[in-house]
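As provided, my_file.cif (mmCIF, C-alpha atoms and all ligand atoms) reads as follows.
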data_coords
#
loop_
_atom_site.group_PDB
_atom_site.id
_atom_site.type_symbol
_atom_site.label_atom_id
_atom_site.label_comp_id
_atom_site.auth_asym_id
_atom_site.auth_seq_id
_atom_site.Cartn_x
_atom_site.Cartn_y
_atom_site.Cartn_z
ATOM 1 C CA MET A 293 0.000 0.000 0.000
ATOM 2 C CA ALA A 294 1.410 3.370 -1.006
ATOM 3 C CA PHE A 295 1.537 5.999 1.706
ATOM 4 C CA ASN A 296 3.227 9.250 2.512
ATOM 5 C CA LEU A 297 4.033 10.928 5.799
ATOM 6 C CA ARG A 298 3.125 14.404 6.968
ATOM 7 C CA ARG A 299 2.833 16.272 10.237
ATOM 8 C CA LEU A 300 -0.664 17.183 11.458
ATOM 9 C CA HIS A 301 -1.274 20.497 13.175
ATOM 10 C CA ALA A 302 -4.121 21.937 15.215
ATOM 11 C CA GLU A 303 -5.916 23.335 12.164
ATOM 12 C CA ASP A 304 -6.103 19.951 10.337
ATOM 13 C CA GLU A 305 -9.572 19.208 11.689
ATOM 14 C CA THR A 306 -10.652 16.586 9.152
ATOM 15 C CA LEU A 307 -7.414 14.647 9.456
ATOM 16 C CA ILE A 308 -7.537 14.909 13.251
ATOM 17 C CA ALA A 309 -10.972 13.263 13.211
ATOM 18 C CA GLN A 310 -9.633 10.503 10.950
ATOM 19 C CA ALA A 311 -6.678 10.024 13.307
ATOM 20 C CA ALA A 312 -9.108 9.575 16.220
ATOM 21 C CA GLN A 313 -10.981 6.918 14.220
ATOM 22 C CA VAL A 314 -7.737 5.053 13.488
ATOM 23 C CA LEU A 315 -6.800 5.232 17.179
ATOM 24 C CA GLN A 316 -10.109 3.645 18.161
ATOM 25 C CA ALA A 317 -9.916 0.944 15.492
ATOM 26 C CA ALA A 318 -6.288 -0.006 16.169
ATOM 27 C CA PHE A 319 -6.747 -0.320 19.941
ATOM 28 C CA ASP A 320 -10.171 -1.965 19.829
ATOM 29 C CA GLY A 321 -10.027 -4.890 22.255
ATOM 30 C CA LEU A 322 -6.569 -3.892 23.538
ATOM 31 C CA THR A 323 -7.493 -1.051 25.908
ATOM 32 C CA PRO A 324 -10.700 0.672 26.975
ATOM 33 C CA SER A 325 -8.896 4.035 26.990
ATOM 34 C CA TRP A 326 -10.206 5.492 23.736
ATOM 35 C CA ARG A 327 -13.562 3.763 23.304
ATOM 36 C CA ALA A 328 -15.431 7.015 23.801
ATOM 37 C CA TRP A 329 -15.233 9.288 20.754
ATOM 38 C CA GLU A 330 -14.491 12.393 22.852
ATOM 39 C CA ASP A 331 -11.572 10.600 24.541
ATOM 40 C CA ALA A 332 -10.081 9.555 21.209
ATOM 41 C CA LEU A 333 -10.409 13.059 19.793
ATOM 42 C CA SER A 334 -8.905 14.606 22.952
ATOM 43 C CA GLU A 335 -5.965 12.235 22.743
ATOM 44 C CA VAL A 336 -5.090 13.411 19.233
ATOM 45 C CA ARG A 337 -5.443 17.066 20.174
ATOM 46 C CA GLU A 338 -3.392 16.653 23.363
ATOM 47 C CA VAL A 339 -0.521 15.127 21.399
ATOM 48 C CA ILE A 340 -0.480 18.083 19.010
ATOM 49 C CA ASP A 341 -0.753 20.567 21.879
ATOM 50 C CA ASP A 342 2.189 18.998 23.754
ATOM 51 C CA ALA A 343 5.042 19.473 21.291
ATOM 52 C CA ASP A 344 3.365 19.809 17.877
ATOM 53 C CA LEU A 345 4.787 16.410 16.984
ATOM 54 C CA LEU A 346 2.207 14.182 15.360
ATOM 55 C CA ILE A 347 3.195 12.375 12.172
ATOM 56 C CA ALA A 348 0.507 10.708 10.088
ATOM 57 C CA ALA A 349 0.702 8.231 7.211
ATOM 58 C CA LEU A 350 -1.788 9.109 4.466
ATOM 59 C CA ASP A 351 -2.908 7.037 1.501
ATOM 60 C CA ASP A 352 -3.078 8.346 -2.083
ATOM 61 C CA GLU A 353 -6.452 9.904 -1.399
ATOM 62 C CA GLY A 354 -5.216 11.707 1.692
ATOM 63 C CA GLN A 355 -6.928 9.396 4.213
ATOM 64 C CA VAL A 356 -5.143 8.676 7.503
ATOM 65 C CA LEU A 357 -3.819 5.103 7.682
ATOM 66 C CA GLY A 358 -1.839 5.475 10.902
ATOM 67 C CA TRP A 359 -0.086 7.971 13.120
ATOM 68 C CA ILE A 360 2.460 8.447 15.853
ATOM 69 C CA GLY A 361 2.886 11.062 18.559
ATOM 70 C CA GLY A 362 5.948 12.421 20.344
ATOM 71 C CA LEU A 363 5.674 14.075 23.762
ATOM 72 C CA GLU A 364 8.508 16.264 25.030
ATOM 73 C CA GLN A 365 10.064 15.160 28.339
ATOM 74 C CA TYR A 366 13.131 16.126 30.395
ATOM 75 C CA ASP A 367 13.520 19.559 28.756
ATOM 76 C CA GLY A 368 13.603 17.942 25.333
ATOM 77 C CA HIS A 369 16.441 15.490 26.023
ATOM 78 C CA VAL A 370 13.849 12.758 25.796
ATOM 79 C CA TYR A 371 10.731 12.222 23.702
ATOM 80 C CA GLU A 372 8.013 9.799 24.690
ATOM 81 C CA LEU A 373 6.618 7.830 21.759
ATOM 82 C CA HIS A 374 2.868 7.971 22.422
ATOM 83 C CA PRO A 375 0.744 6.698 20.873
ATOM 84 C CA LEU A 376 1.377 4.603 17.740
ATOM 85 C CA CYS A 377 -1.500 3.161 15.758
ATOM 86 C CA VAL A 378 -2.027 1.742 12.285
ATOM 87 C CA ALA A 379 -5.529 0.991 10.955
ATOM 88 C CA PRO A 380 -6.159 -2.783 11.106
ATOM 89 C CA GLN A 381 -6.528 -3.118 7.316
ATOM 90 C CA ALA A 382 -3.192 -1.306 6.764
ATOM 91 C CA GLN A 383 -1.068 -3.229 9.286
ATOM 92 C CA GLY A 384 1.882 -5.360 8.238
ATOM 93 C CA GLN A 385 2.877 -3.135 5.327
ATOM 94 C CA GLY A 386 5.690 -1.095 6.797
ATOM 95 C CA ILE A 387 3.654 1.873 8.021
ATOM 96 C CA GLY A 388 4.409 1.371 11.725
ATOM 97 C CA ARG A 389 8.123 1.121 11.046
ATOM 98 C CA ALA A 390 8.102 4.241 8.829
ATOM 99 C CA LEU A 391 6.270 6.220 11.505
ATOM 100 C CA VAL A 392 8.715 5.205 14.249
ATOM 101 C CA LEU A 393 11.724 6.106 12.078
ATOM 102 C CA ALA A 394 10.184 9.478 11.158
ATOM 103 C CA LEU A 395 9.555 10.267 14.825
ATOM 104 C CA GLU A 396 13.142 9.332 15.674
ATOM 105 C CA ASP A 397 14.416 11.632 12.899
ATOM 106 C CA GLU A 398 12.387 14.567 14.156
ATOM 107 C CA ALA A 399 13.328 14.002 17.825
ATOM 108 C CA ARG A 400 16.997 13.761 16.812
ATOM 109 C CA ARG A 401 16.673 16.953 14.768
ATOM 110 C CA ARG A 402 15.315 18.655 17.898
ATOM 111 C CA GLY A 403 18.375 17.537 19.864
ATOM 112 C CA ALA A 404 16.913 14.626 21.864
ATOM 113 C CA THR A 405 19.148 11.775 22.997
ATOM 114 C CA THR A 406 16.500 9.221 23.879
ATOM 115 C CA ILE A 407 13.094 7.962 22.833
ATOM 116 C CA PHE A 408 11.102 5.987 25.357
ATOM 117 C CA LEU A 409 7.681 4.401 25.399
ATOM 118 C CA GLY A 410 5.355 2.345 27.508
ATOM 119 C CA THR A 411 3.567 -0.579 25.921
ATOM 120 C CA ASP A 412 0.834 -2.010 28.115
ATOM 121 C CA ASP A 413 -0.154 -5.609 28.493
ATOM 122 C CA GLU A 414 -3.787 -5.383 29.478
ATOM 123 C CA THR A 415 -4.810 -8.471 27.543
ATOM 124 C CA GLY A 416 -2.447 -11.203 28.764
ATOM 125 C CA HIS A 417 -0.170 -11.229 25.707
ATOM 126 C CA THR A 418 3.168 -11.611 27.560
ATOM 127 C CA ASN A 419 4.676 -13.920 30.141
ATOM 128 C CA ILE A 420 4.459 -11.222 32.862
ATOM 129 C CA SER A 421 0.687 -11.017 32.694
ATOM 130 C CA GLY A 422 -0.998 -11.761 36.015
ATOM 131 C CA ILE A 423 2.164 -12.217 38.050
ATOM 132 C CA ASP A 424 3.618 -10.258 40.968
ATOM 133 C CA LEU A 425 6.593 -8.541 39.305
ATOM 134 C CA TYR A 426 8.280 -7.058 42.371
ATOM 135 C CA PRO A 427 10.202 -10.158 43.557
ATOM 136 C CA GLN A 428 11.486 -10.935 40.043
ATOM 137 C CA LEU A 429 11.973 -7.616 38.277
ATOM 138 C CA ALA A 430 15.532 -8.280 37.127
ATOM 139 C CA TYR A 431 14.621 -11.754 35.838
ATOM 140 C CA TYR A 432 11.795 -10.464 33.675
ATOM 141 C CA LEU A 433 13.871 -7.583 32.327
ATOM 142 C CA GLU A 434 16.021 -10.257 30.695
ATOM 143 C CA ASN A 435 13.324 -12.834 30.012
ATOM 144 C CA LEU A 436 10.246 -10.976 28.853
ATOM 145 C CA GLN A 437 8.423 -12.930 26.159
ATOM 146 C CA SER A 438 5.417 -12.366 23.977
ATOM 147 C CA THR A 439 2.810 -15.102 24.128
ATOM 148 C CA ALA A 440 0.467 -13.601 21.512
ATOM 149 C CA ASN A 441 2.081 -11.077 19.194
ATOM 150 C CA HIS A 442 2.516 -8.331 21.808
ATOM 151 C CA PRO A 443 3.844 -5.110 20.199
ATOM 152 C CA PHE A 444 6.914 -4.959 22.485
ATOM 153 C CA THR A 445 8.486 -7.374 19.987
ATOM 154 C CA PHE A 446 7.751 -4.902 17.172
ATOM 155 C CA TYR A 447 9.699 -2.232 19.073
ATOM 156 C CA ALA A 448 12.508 -4.678 19.919
ATOM 157 C CA HIS A 449 12.763 -5.357 16.180
ATOM 158 C CA LEU A 450 13.359 -1.612 15.704
ATOM 159 C CA GLY A 451 16.152 -1.459 18.299
ATOM 160 C CA TYR A 452 14.242 -0.597 21.475
ATOM 161 C CA ARG A 453 15.343 -2.248 24.749
ATOM 162 C CA VAL A 454 13.176 -3.130 27.702
ATOM 163 C CA THR A 455 14.316 -0.764 30.479
ATOM 164 C CA GLY A 456 11.705 -1.453 33.123
ATOM 165 C CA PHE A 457 8.090 -1.932 34.066
ATOM 166 C CA ILE A 458 5.327 -0.059 35.782
ATOM 167 C CA PRO A 459 3.889 -2.919 37.794
ATOM 168 C CA ASP A 460 0.092 -3.104 37.950
ATOM 169 C CA ALA A 461 -0.240 0.050 35.826
ATOM 170 C CA ASN A 462 -3.650 -1.027 34.591
ATOM 171 C CA GLY A 463 -4.802 -3.067 37.610
ATOM 172 C CA LEU A 464 -3.167 -5.928 39.513
ATOM 173 C CA GLY A 465 -1.100 -8.093 37.170
ATOM 174 C CA LYS A 466 -1.644 -5.758 34.188
ATOM 175 C CA HIS A 467 1.745 -4.151 33.729
ATOM 176 C CA ASP A 468 3.196 -1.475 31.489
ATOM 177 C CA ILE A 469 6.457 -2.383 29.713
ATOM 178 C CA LEU A 470 8.947 0.491 29.392
ATOM 179 C CA MET A 471 11.346 0.577 26.441
ATOM 180 C CA ALA A 472 13.943 3.050 25.187
ATOM 181 C CA LYS A 473 16.363 3.653 22.344
ATOM 182 C CA ARG A 474 19.369 5.943 22.034
ATOM 183 C CA LEU A 475 19.240 8.415 19.169
ATOM 184 C CA ALA A 476 22.874 8.231 18.118
HETATM 185 C C1 LIG A 501 2.097 -2.416 16.384
HETATM 186 C C2 LIG A 501 1.781 -1.700 15.060
HETATM 187 C C3 LIG A 501 1.932 -0.203 15.255
HETATM 188 C C4 LIG A 501 2.773 -2.181 13.996
HETATM 189 O O1 LIG A 501 2.555 -1.454 12.790
HETATM 190 P P1 LIG A 501 2.613 -2.170 11.358
HETATM 191 O O2 LIG A 501 2.436 -1.140 10.320
HETATM 192 O O3 LIG A 501 1.640 -3.288 11.364
HETATM 193 O O4 LIG A 501 4.103 -2.748 11.398
HETATM 194 P P2 LIG A 501 5.139 -2.832 10.155
HETATM 195 O O5 LIG A 501 4.422 -3.427 8.989
HETATM 196 O O6 LIG A 501 5.783 -1.521 9.961
HETATM 197 O O7 LIG A 501 6.190 -3.858 10.725
HETATM 198 C C5 LIG A 501 7.573 -3.560 10.796
HETATM 199 C C6 LIG A 501 8.302 -4.788 11.204
HETATM 200 O O8 LIG A 501 7.878 -5.210 12.504
HETATM 201 C C7 LIG A 501 7.353 -6.522 12.451
HETATM 202 N N1 LIG A 501 6.175 -6.564 13.330
HETATM 203 C C8 LIG A 501 5.012 -5.924 13.174
HETATM 204 N N2 LIG A 501 4.186 -6.171 14.213
HETATM 205 C C9 LIG A 501 4.878 -7.026 15.007
HETATM 206 C C10 LIG A 501 4.588 -7.649 16.242
HETATM 207 N N3 LIG A 501 3.405 -7.465 16.895
HETATM 208 N N4 LIG A 501 5.525 -8.444 16.781
HETATM 209 C C11 LIG A 501 6.736 -8.609 16.162
HETATM 210 N N5 LIG A 501 7.081 -8.032 14.994
HETATM 211 C C12 LIG A 501 6.148 -7.249 14.441
HETATM 212 C C13 LIG A 501 6.957 -6.753 11.007
HETATM 213 O O9 LIG A 501 6.967 -8.120 10.694
HETATM 214 C C14 LIG A 501 8.023 -5.983 10.283
HETATM 215 O O10 LIG A 501 9.206 -6.742 10.233
HETATM 216 P P3 LIG A 501 10.164 -6.698 8.932
HETATM 217 O O11 LIG A 501 10.598 -5.266 8.799
HETATM 218 O O12 LIG A 501 11.278 -7.604 9.281
HETATM 219 O O13 LIG A 501 9.339 -7.127 7.787
HETATM 220 C C15 LIG A 501 0.348 -2.012 14.567
HETATM 221 O O14 LIG A 501 0.215 -3.418 14.463
HETATM 222 C C16 LIG A 501 -0.766 -1.488 15.458
HETATM 223 O O15 LIG A 501 -1.223 -0.362 15.276
HETATM 224 N N6 LIG A 501 -1.247 -2.302 16.393
HETATM 225 C C17 LIG A 501 -2.345 -1.928 17.275
HETATM 226 C C18 LIG A 501 -1.998 -0.792 18.207
HETATM 227 C C19 LIG A 501 -0.727 -1.079 18.980
HETATM 228 O O16 LIG A 501 -0.515 -2.164 19.492
HETATM 229 N N7 LIG A 501 0.112 -0.029 19.077
HETATM 230 C C20 LIG A 501 1.365 -0.087 19.807
HETATM 231 C C21 LIG A 501 1.059 -0.112 21.259
HETATM 232 S S1 LIG A 501 2.320 0.618 22.210
#

Conversion result in structure tokens:
Amino acid sequence: MAFNLRRLHAEDETLIAQAAQVLQAAFDGLTPSWRAWEDALSEVREVIDDADLLIAALDDEGQVLGWIGGLEQYDGHVYELHPLCVAPQAQGQGIGRALVLALEDEARRRGATTIFLGTDDETGHTNISGIDLYPQLAYYLENLQSTANHPFTFYAHLGYRVTGFIPDANGLGKHDILMAKRLA
């Protein structure tokens, strides 16, 4: 599928609405966070408001296929990758990878040294789901595994390392996986 990348800004109202739709579709069944339309729309607007760093992939007709956000942290030394979503029918065609690389380029251009992200496991797709992490944090840093195509493996494929967890971030046994990459 052919696509091109462009930044979205606050005035791109039609594309912002499409981005909210993609967010809902991509995370359907993975998190309840953006089920409500207002929440999805607010998420897109908040990303743009934070650091004006939202990159979208558009098809030939200008429809949003996926998008990624970058939030400024630590006085700009660090950008948080949040969120990343590709429409279900457009997944597996290189769009996610292109969006991550474009975000890295822009963060690097702004002088950042690090990109980090949190990728939740709310649906039992890794071997840390449902367990008490505290007694075995170091073990699972080295031995985290996907049991059902969890996206942390997508990020690992792109050079991100697991740097930690937020235990029970989404309720007991539902952890957030923290990952980071140096922007050399
Ligand atoms: C995760 C997601 C962004 C990946 O985007 P995508 O466009 O489907 O991924 P790409 O086609 O760019 O894949 C790039 C590479 O990663 C690999 N990959 C993709 N998803 C993967 C996964 N879940 N596990 C392991 N590898 C994966 C691809 O095989 C490809 O490898 P290759 O370059 O060797 O061929 C997309 O599936 C998505 O939106 N999922 C739902 C929302 C989500 O989970 N977002 C991230 C939460 S933090």

* Please evaluate the PyMOL selection byres (((chain A and resi 378) around 10) and not hetatm) against the structure above and give the resulting residues as a ChimeraX atom specification. => /A:311,314-315,317-319,348-349,356-360,376-377,379-388,391

* In Å to one decimal, how far is CA of Leu300 in chain A from atom P2 of ligand LIG 501 (chain A)? -> 20.9 Å

* Kindly resolve the PyMOL selection byres (((chain A and resi 421) around 12) and not hetatm) on the present coordinates and return the residues as number ranges by chain. => A: 412-420, 422-425, 432, 436-440, 442, 457, 459-469

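The gap separating CA of Gly451 in chain A from CA of Val336 in chain A is 25.9 Å, in Å to one decimal.
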
* **Chain and number of each residue from the PyMOL selection byres (((chain A and resi 362-365) around 8) and not hetatm), as a PyMOL selection string** => chain A and resi 339+342-343+345-346+360-361+366-375+395+399

Export of the given selection (C-alpha atoms) as a PDB file, keeping the file's coordinate frame:
ATOM      1  CA  VAL A 339      -0.521  15.127  21.399  1.00  0.00           C
ATOM      2  CA  ASP A 342       2.189  18.998  23.754  1.00  0.00           C
ATOM      3  CA  ALA A 343       5.042  19.473  21.291  1.00  0.00           C
ATOM      4  CA  LEU A 345       4.787  16.410  16.984  1.00  0.00           C
ATOM      5  CA  LEU A 346       2.207  14.182  15.360  1.00  0.00           C
ATOM      6  CA  ILE A 360       2.460   8.447  15.853  1.00  0.00           C
ATOM      7  CA  GLY A 361       2.886  11.062  18.559  1.00  0.00           C
ATOM      8  CA  TYR A 366      13.131  16.126  30.395  1.00  0.00           C
ATOM      9  CA  ASP A 367      13.520  19.559  28.756  1.00  0.00           C
ATOM     10  CA  GLY A 368      13.603  17.942  25.333  1.00  0.00           C
ATOM     11  CA  HIS A 369      16.441  15.490  26.023  1.00  0.00           C
ATOM     12  CA  VAL A 370      13.849  12.758  25.796  1.00  0.00           C
ATOM     13  CA  TYR A 371      10.731  12.222  23.702  1.00  0.00           C
ATOM     14  CA  GLU A 372       8.013   9.799  24.690  1.00  0.00           C
ATOM     15  CA  LEU A 373       6.618   7.830  21.759  1.00  0.00           C
ATOM     16  CA  HIS A 374       2.868   7.971  22.422  1.00  0.00           C
ATOM     17  CA  PRO A 375       0.744   6.698  20.873  1.00  0.00           C
ATOM     18  CA  LEU A 395       9.555  10.267  14.825  1.00  0.00           C
ATOM     19  CA  ALA A 399      13.328  14.002  17.825  1.00  0.00           C
TER      20      ALA A 399
END
